[in-house]
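Novice: As input, take start.pdb (PDB, C-alpha atoms):
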ATOM      1  CA  MET A 145     -24.567  72.571   4.475
ATOM      2  CA  GLN A 146     -25.144  68.839   4.158
ATOM      3  CA  ILE A 147     -26.022  67.119   0.882
ATOM      4  CA  ILE A 148     -28.553  64.302   1.004
ATOM      5  CA  GLY A 149     -28.350  61.596  -1.658
ATOM      6  CA  LEU A 150     -31.904  60.327  -2.137
ATOM      7  CA  THR A 151     -32.367  57.102  -4.078
ATOM      8  CA  GLY A 152     -34.809  54.246  -4.573
ATOM      9  CA  GLY A 153     -36.000  51.904  -7.275
ATOM     10  CA  ILE A 154     -38.696  52.619  -9.830
ATOM     11  CA  GLY A 155     -42.063  53.047  -8.076
ATOM     12  CA  SER A 156     -40.519  53.457  -4.617
ATOM     13  CA  GLY A 157     -41.784  57.002  -4.129
ATOM     14  CA  LYS A 158     -38.600  59.064  -4.484
ATOM     15  CA  SER A 159     -40.629  61.923  -5.984
ATOM     16  CA  THR A 160     -42.965  61.938  -2.976
ATOM     17  CA  LEU A 161     -39.970  62.200  -0.660
ATOM     18  CA  SER A 162     -38.463  64.956  -2.806
ATOM     19  CA  ARG A 163     -41.676  66.988  -2.627
ATOM     20  CA  LEU A 164     -41.756  66.464   1.130
ATOM     21  CA  LEU A 165     -38.172  67.733   1.453
ATOM     22  CA  GLU A 166     -39.023  70.781  -0.665
ATOM     23  CA  ILE A 167     -42.007  71.530   1.601
ATOM     24  CA  MET A 168     -39.493  71.398   4.487
ATOM     25  CA  ASP A 169     -37.446  74.087   2.660
ATOM     26  CA  ILE A 170     -34.793  71.617   1.471
ATOM     27  CA  PRO A 171     -34.036  72.210  -2.223
ATOM     28  CA  VAL A 172     -33.881  69.018  -4.314
ATOM     29  CA  TYR A 173     -31.960  68.529  -7.563
ATOM     30  CA  ILE A 174     -33.884  65.927  -9.603
ATOM     31  CA  ALA A 175     -31.051  64.252 -11.514
ATOM     32  CA  ASP A 176     -33.325  62.384 -13.947
ATOM     33  CA  SER A 177     -35.214  65.452 -15.199
ATOM     34  CA  GLU A 178     -32.069  67.627 -15.238
ATOM     35  CA  SER A 179     -30.263  64.897 -17.184
ATOM     36  CA  LYS A 180     -33.076  64.890 -19.779
ATOM     37  CA  LYS A 181     -32.809  68.685 -20.176
ATOM     38  CA  LEU A 182     -29.033  68.463 -20.533
ATOM     39  CA  THR A 183     -29.183  65.700 -23.170
ATOM     40  CA  ASP A 184     -31.469  67.965 -25.219
ATOM     41  CA  ASN A 185     -29.550  71.212 -24.668
ATOM     42  CA  SER A 186     -25.865  70.457 -24.062
ATOM     43  CA  PRO A 187     -23.896  70.888 -27.320
ATOM     44  CA  TRP A 188     -21.122  68.662 -25.908
ATOM     45  CA  ILE A 189     -23.488  65.761 -25.087
ATOM     46  CA  ARG A 190     -25.163  66.134 -28.488
ATOM     47  CA  GLU A 191     -21.809  66.095 -30.284
ATOM     48  CA  LYS A 192     -20.530  63.016 -28.394
ATOM     49  CA  LEU A 193     -23.759  61.009 -28.860
ATOM     50  CA  ILE A 194     -23.993  61.839 -32.586
ATOM     51  CA  GLU A 195     -20.308  60.946 -32.985
ATOM     52  CA  LYS A 196     -21.028  57.464 -31.606
ATOM     53  CA  PHE A 197     -24.601  56.731 -32.778
ATOM     54  CA  GLY A 198     -25.290  59.024 -35.763
ATOM     55  CA  SER A 199     -27.337  62.173 -36.376
ATOM     56  CA  ASP A 200     -30.706  60.335 -36.346
ATOM     57  CA  LEU A 201     -30.569  60.662 -32.532
ATOM     58  CA  TYR A 202     -31.299  64.399 -32.868
ATOM     59  CA  LYS A 203     -33.137  64.613 -36.191
ATOM     60  CA  THR A 204     -36.071  66.507 -34.586
ATOM     61  CA  GLY A 205     -33.719  68.855 -32.725
ATOM     62  CA  LYS A 206     -34.269  67.001 -29.456
ATOM     63  CA  LEU A 207     -32.841  63.678 -28.351
ATOM     64  CA  ASP A 208     -34.864  60.707 -29.624
ATOM     65  CA  LYS A 209     -35.082  58.946 -26.260
ATOM     66  CA  SER A 210     -36.705  55.775 -27.595
ATOM     67  CA  LEU A 211     -33.958  55.379 -30.224
ATOM     68  CA  LEU A 212     -31.260  55.907 -27.572
ATOM     69  CA  SER A 213     -33.029  53.417 -25.274
ATOM     70  CA  SER A 214     -33.035  50.813 -28.037
ATOM     71  CA  LEU A 215     -29.291  51.338 -28.524
ATOM     72  CA  ILE A 216     -28.362  50.984 -24.862
ATOM     73  CA  PHE A 217     -30.902  48.470 -23.522
ATOM     74  CA  GLY A 218     -29.063  45.187 -23.117
ATOM     75  CA  ASN A 219     -25.850  46.639 -24.586
ATOM     76  CA  GLU A 220     -23.372  47.220 -21.746
ATOM     77  CA  GLU A 221     -20.765  48.900 -23.975
ATOM     78  CA  ASN A 222     -23.215  51.471 -25.392
ATOM     79  CA  LEU A 223     -24.701  52.093 -21.936
ATOM     80  CA  ALA A 224     -21.242  52.669 -20.438
ATOM     81  CA  TYR A 225     -20.428  55.104 -23.243
ATOM     82  CA  VAL A 226     -23.662  57.095 -22.793
ATOM     83  CA  ASN A 227     -23.113  57.230 -19.026
ATOM     84  CA  SER A 228     -19.507  58.386 -19.515
ATOM     85  CA  VAL A 229     -20.814  61.269 -21.644
ATOM     86  CA  ILE A 230     -23.872  62.308 -19.606
ATOM     87  CA  HIS A 231     -22.879  61.734 -15.951
ATOM     88  CA  PRO A 232     -19.957  64.208 -15.821
ATOM     89  CA  VAL A 233     -22.149  66.958 -17.339
ATOM     90  CA  VAL A 234     -24.953  66.257 -14.838
ATOM     91  CA  LEU A 235     -22.429  66.249 -11.987
ATOM     92  CA  GLU A 236     -21.022  69.622 -13.089
ATOM     93  CA  ASP A 237     -24.559  71.014 -13.364
ATOM     94  CA  PHE A 238     -25.334  69.695  -9.868
ATOM     95  CA  LYS A 239     -22.207  71.363  -8.446
ATOM     96  CA  ASN A 240     -23.277  74.693  -9.991
ATOM     97  CA  TRP A 241     -26.789  74.224  -8.587
ATOM     98  CA  THR A 242     -25.334  73.384  -5.159
ATOM     99  CA  SER A 243     -23.388  76.655  -5.029
ATOM    100  CA  GLN A 244     -26.671  78.554  -5.490
ATOM    101  CA  HIS A 245     -28.016  77.013  -2.248
ATOM    102  CA  ALA A 246     -24.995  77.511   0.019
ATOM    103  CA  ASP A 247     -27.170  79.206   2.660
ATOM    104  CA  LYS A 248     -29.241  76.051   3.291
ATOM    105  CA  GLU A 249     -28.617  73.574   6.122
ATOM    106  CA  PHE A 250     -29.611  70.680   3.837
ATOM    107  CA  ILE A 251     -29.967  70.206   0.096
ATOM    108  CA  ALA A 252     -30.635  66.949  -1.766
ATOM    109  CA  ILE A 253     -30.055  65.167  -5.043
ATOM    110  CA  GLU A 254     -32.662  62.613  -6.112
ATOM    111  CA  SER A 255     -31.267  59.894  -8.350
ATOM    112  CA  ALA A 256     -32.421  56.334  -9.053
ATOM    113  CA  ILE A 257     -28.824  55.565 -10.052
ATOM    114  CA  LEU A 258     -27.121  57.377  -7.165
ATOM    115  CA  PHE A 259     -24.696  54.503  -6.522
ATOM    116  CA  ASP A 260     -24.361  53.286 -10.135
ATOM    117  CA  SER A 261     -23.425  56.791 -11.343
ATOM    118  CA  GLY A 262     -20.991  57.500  -8.512
ATOM    119  CA  PHE A 263     -23.047  60.551  -7.453
ATOM    120  CA  ASN A 264     -23.090  59.063  -3.939
ATOM    121  CA  LYS A 265     -19.451  60.224  -3.648
ATOM    122  CA  THR A 266     -20.624  63.854  -3.835
ATOM    123  CA  VAL A 267     -23.104  63.655  -0.932
ATOM    124  CA  ASP A 268     -22.731  63.660   2.849
ATOM    125  CA  PHE A 269     -25.182  60.823   3.466
ATOM    126  CA  THR A 270     -27.515  58.579   1.495
ATOM    127  CA  VAL A 271     -31.176  57.692   1.977
ATOM    128  CA  ASN A 272     -32.907  54.810   0.220
ATOM    129  CA  VAL A 273     -36.672  54.939  -0.204
ATOM    130  CA  SER A 274     -37.612  51.300   0.346
ATOM    131  CA  THR A 275     -40.939  49.922  -0.816
ATOM    132  CA  PRO A 276     -42.272  46.352  -1.113
ATOM    133  CA  LEU A 277     -41.831  44.989  -4.643
ATOM    134  CA  GLU A 278     -45.521  44.346  -5.410
ATOM    135  CA  MET A 279     -46.401  47.872  -4.301
ATOM    136  CA  ARG A 280     -43.716  49.306  -6.590
ATOM    137  CA  ILE A 281     -45.030  47.293  -9.552
ATOM    138  CA  HIS A 282     -48.606  48.404  -8.863
ATOM    139  CA  ARG A 283     -47.598  52.078  -8.571
ATOM    140  CA  VAL A 284     -45.787  51.992 -11.926
ATOM    141  CA  GLU A 285     -48.701  50.133 -13.573
ATOM    142  CA  VAL A 286     -51.059  52.911 -12.448
ATOM    143  CA  ARG A 287     -48.683  55.873 -12.945
ATOM    144  CA  ASP A 288     -47.292  54.930 -16.370
ATOM    145  CA  ASN A 289     -50.149  52.723 -17.610
ATOM    146  CA  LEU A 290     -47.682  49.914 -18.271
ATOM    147  CA  PRO A 291     -48.203  46.152 -18.132
ATOM    148  CA  ARG A 292     -46.414  44.223 -15.400
ATOM    149  CA  GLU A 293     -44.314  42.376 -18.015
ATOM    150  CA  SER A 294     -42.626  45.614 -19.098
ATOM    151  CA  ILE A 295     -42.054  46.828 -15.508
ATOM    152  CA  ILE A 296     -40.186  43.751 -14.224
ATOM    153  CA  PRO A 297     -37.219  44.135 -16.648
ATOM    154  CA  ARG A 298     -36.879  47.793 -15.593
ATOM    155  CA  ILE A 299     -36.801  46.807 -11.932
ATOM    156  CA  ASN A 300     -34.304  44.041 -12.685
ATOM    157  CA  SER A 301     -32.024  46.466 -14.550
ATOM    158  CA  GLN A 302     -31.656  48.585 -11.392
ATOM    159  CA  LEU A 303     -29.495  47.929  -8.357
ATOM    160  CA  PRO A 304     -31.305  45.334  -6.179
ATOM    161  CA  GLU A 305     -33.264  46.700  -3.211
ATOM    162  CA  LYS A 306     -31.139  44.786  -0.676
ATOM    163  CA  GLU A 307     -27.977  46.285  -2.143
ATOM    164  CA  ARG A 308     -29.398  49.839  -2.108
ATOM    165  CA  ASN A 309     -30.409  49.317   1.530
ATOM    166  CA  ARG A 310     -26.970  47.964   2.407
ATOM    167  CA  ARG A 311     -25.145  50.901   0.812
ATOM    168  CA  SER A 312     -27.427  53.599   2.242
ATOM    169  CA  ASP A 313     -26.832  55.427   5.504
ATOM    170  CA  PHE A 314     -30.572  55.653   6.168
ATOM    171  CA  ILE A 315     -33.669  53.805   4.930
ATOM    172  CA  ILE A 316     -37.124  55.340   4.718
ATOM    173  CA  LEU A 317     -39.969  52.851   4.418
ATOM    174  CA  ASN A 318     -42.630  54.045   1.974
ATOM    175  CA  ASP A 319     -45.300  51.349   2.233
ATOM    176  CA  ASP A 320     -48.400  53.578   2.611
ATOM    177  CA  VAL A 321     -48.516  52.528   6.303
ATOM    178  CA  ALA A 322     -45.411  53.977   7.980
ATOM    179  CA  ALA A 323     -45.696  57.776   8.307
ATOM    180  CA  LEU A 324     -43.093  59.537   6.151
ATOM    181  CA  ILE A 325     -42.667  62.856   7.993
ATOM    182  CA  PRO A 326     -41.440  61.345  11.297
ATOM    183  CA  GLN A 327     -38.991  59.142   9.351
ATOM    184  CA  VAL A 328     -37.626  62.151   7.436
ATOM    185  CA  GLU A 329     -37.370  64.214  10.631
ATOM    186  CA  LYS A 330     -35.474  61.386  12.339
ATOM    187  CA  VAL A 331     -33.007  61.139   9.427
ATOM    188  CA  LEU A 332     -32.407  64.914   9.479
ATOM    189  CA  MET A 333     -31.986  64.932  13.248
ATOM    190  CA  ASN A 334     -29.536  62.014  13.155
ATOM    191  CA  ALA A 335     -27.610  63.627  10.302
ATOM    192  CA  SER A 336     -27.444  66.950  12.193
ATOM    193  CA  THR A 337     -25.978  65.310  15.276
ATOM    194  CA  GLN A 338     -23.275  63.596  13.191
ATOM    195  CA  ILE A 339     -21.807  66.886  11.964
TER     196      ILE A 339
END
When written as structure tokens, how does the structure in this file appear?
Specialist:
Amino acid sequence: MQIIGLTGGIGSGKSTLSRLLEIMDIPVYIADSESKKLTDNSPWIREKLIEKFGSDLYKTGKLDKSLLSSLIFGNEENLAYVNSVIHPVVLEDFKNWTSQHADKEFIAIESAILFDSGFNKTVDFTVNVSTPLEMRIHRVEVRDNLPRESIIPRINSQLPEKERNRRSDFIILNDDVAALIPQVEKVLMNASTQI
């Protein structure tokens, strides 16, 4: 079994690629959504976050994501703390999930912060979904109904596109022109021959 690390910036189309992989019978662990479930349901994460930031974070029983965002946005120390609490739990959950798919030739983890989180160390090869900047902005404007001014800081808070491309083993261009399926098939074929 080979583990694919799938990454890309906001609006790049990681979810589209994940759905495509699933159609090709390649299970995909969506780190972002699993992380959200774990921050709501893991007693250990809850305890550590309340210890640092107070019980208001969970006053409704679920994590107040906007309050947490306000505490970590622009605050490197708080962000590092939250990551140090959440990432190991997500990684453990991913390892458990991986063991349930041991019969597959390929499985994947989709994570916007694949390199930042260190999850890239748990995969066999990495794929960056690369998309022109203006197209990414437009997609997020439409998808999330957000103004451009609020999207740019999010993009700027992520690893730069050039750096993601440099660190990745493969790049898939998702520009609504280049066909995705042949690119995915080529990546899988190249990865298979490198075993």
Novice: Please work out which residues fall within 7 Å of (-34.3, 53.1, -6.9), coordinates as given in the file, with all atoms listed in the file counting, and return them as JSON, numbers by chain.
Specialist: {"A": [151, 152, 153, 154, 156, 256, 257, 302]}
Novice: For the structure shown, which residues end up in the PyMOL selection byres ((chain A and resi 306-323) around 8)? Put them as a list in words, please?
Specialist: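 What the PyMOL selection byres ((chain A and resi 306-323) around 8) grabs from the file is Gly152, Ser156, Gly157, Phe259, Phe269, Thr270, Val271, Asn272, Val273, Ser274, Thr275, Pro276, Met279, Leu303, Pro304, Glu305, Leu324, Ile325, Pro326, Gln327, Val328 and Val331 of chain A.
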Novice: Please report as a tab-separated table every residue of stretch 258-306 of chain A lying within 9 Å of stretch 213-237 of chain A, along with the nearest atom pair and their distance in Å (one decimal), using only C-alpha atoms.
Specialist:
residue	atom	partner	partner_atom	distance
A:Ser261	CA	A:His231	CA	6.8
A:Gly262	CA	A:His231	CA	8.8
A:Phe263	CA	A:Leu235	CA	7.3
A:Thr266	CA	A:Leu235	CA	8.7
Novice: Can you work out the spacing between atom CA of A:Lys330 and atom CA of A:Leu165 in Å, to one decimal?
Specialist: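 Interatomic distance here is 12.9 Å.
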Novice: Could you write out as a list in words the residues that the PyMOL selection byres ((chain A and resi 242) around 10) matches in the shown file?
Specialist: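 On the file shown, the PyMOL selection byres ((chain A and resi 242) around 10) covers Met145, Ile147, Pro171, Val172, Tyr173, Glu236, Asp237, Phe238, Lys239, Asn240, Trp241, Ser243, Gln244, His245, Ala246, Asp247, Lys248, Ile251, Ala252 and Ile253 of chain A.
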Novice: Using the selection just defined, write its residues with C-alpha atoms as a short mmCIF file (atom, residue, chain, number, x, y, z; two decimals), keeping the file's coordinate frame.
Specialist:
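The new file selection-v8.cif reads:
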data_model
loop_
_atom_site.label_atom_id
_atom_site.label_comp_id
_atom_site.auth_asym_id
_atom_site.auth_seq_id
_atom_site.Cartn_x
_atom_site.Cartn_y
_atom_site.Cartn_z
CA MET A 145 -24.57 72.57 4.47
CA ILE A 147 -26.02 67.12 0.88
CA PRO A 171 -34.04 72.21 -2.22
CA VAL A 172 -33.88 69.02 -4.31
CA TYR A 173 -31.96 68.53 -7.56
CA GLU A 236 -21.02 69.62 -13.09
CA ASP A 237 -24.56 71.01 -13.36
CA PHE A 238 -25.33 69.69 -9.87
CA LYS A 239 -22.21 71.36 -8.45
CA ASN A 240 -23.28 74.69 -9.99
CA TRP A 241 -26.79 74.22 -8.59
CA SER A 243 -23.39 76.66 -5.03
CA GLN A 244 -26.67 78.55 -5.49
CA HIS A 245 -28.02 77.01 -2.25
CA ALA A 246 -25.00 77.51 0.02
CA ASP A 247 -27.17 79.21 2.66
CA LYS A 248 -29.24 76.05 3.29
CA ILE A 251 -29.97 70.21 0.10
CA ALA A 252 -30.64 66.95 -1.77
CA ILE A 253 -30.06 65.17 -5.04
#
Novice: Tell me, in Å to one decimal, how far atom CA of A:Arg292 is from atom CA of A:Glu278.
Specialist: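 Atom CA of A:Glu278 lies 10.0 Å from atom CA of A:Arg292.
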Novice: Quick one: distance from atom CA of A:Leu290 to atom CA of A:Gly155 in Å, one decimal?
Specialist: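 Going from atom CA of A:Leu290 over to atom CA of A:Gly155 covers 12.1 Å.
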Novice: Rank A:Ile170, A:Leu212, A:Pro187, A:Phe197 by their smallest atom-to-atom distance to A:Gln146, using all atoms listed in the file, and report the top residue only.
Specialist: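 The shortest atom-to-atom distance to A:Gln146 comes from A:Ile170.
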Novice: Which one is closest to A:Asp184: A:Leu161, A:Val267, A:Met333, A:Leu201? Count all atoms listed in the file.
Specialist: A:Leu201
Novice: With distances taken over only C-alpha atoms, which of A:Asn289, A:Ser336, A:Leu182, A:Phe250 is nearest to A:Asp169?
Specialist: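 Comparing A:Asn289, A:Ser336, A:Leu182, A:Phe250 against A:Asp169, the winner is A:Phe250.
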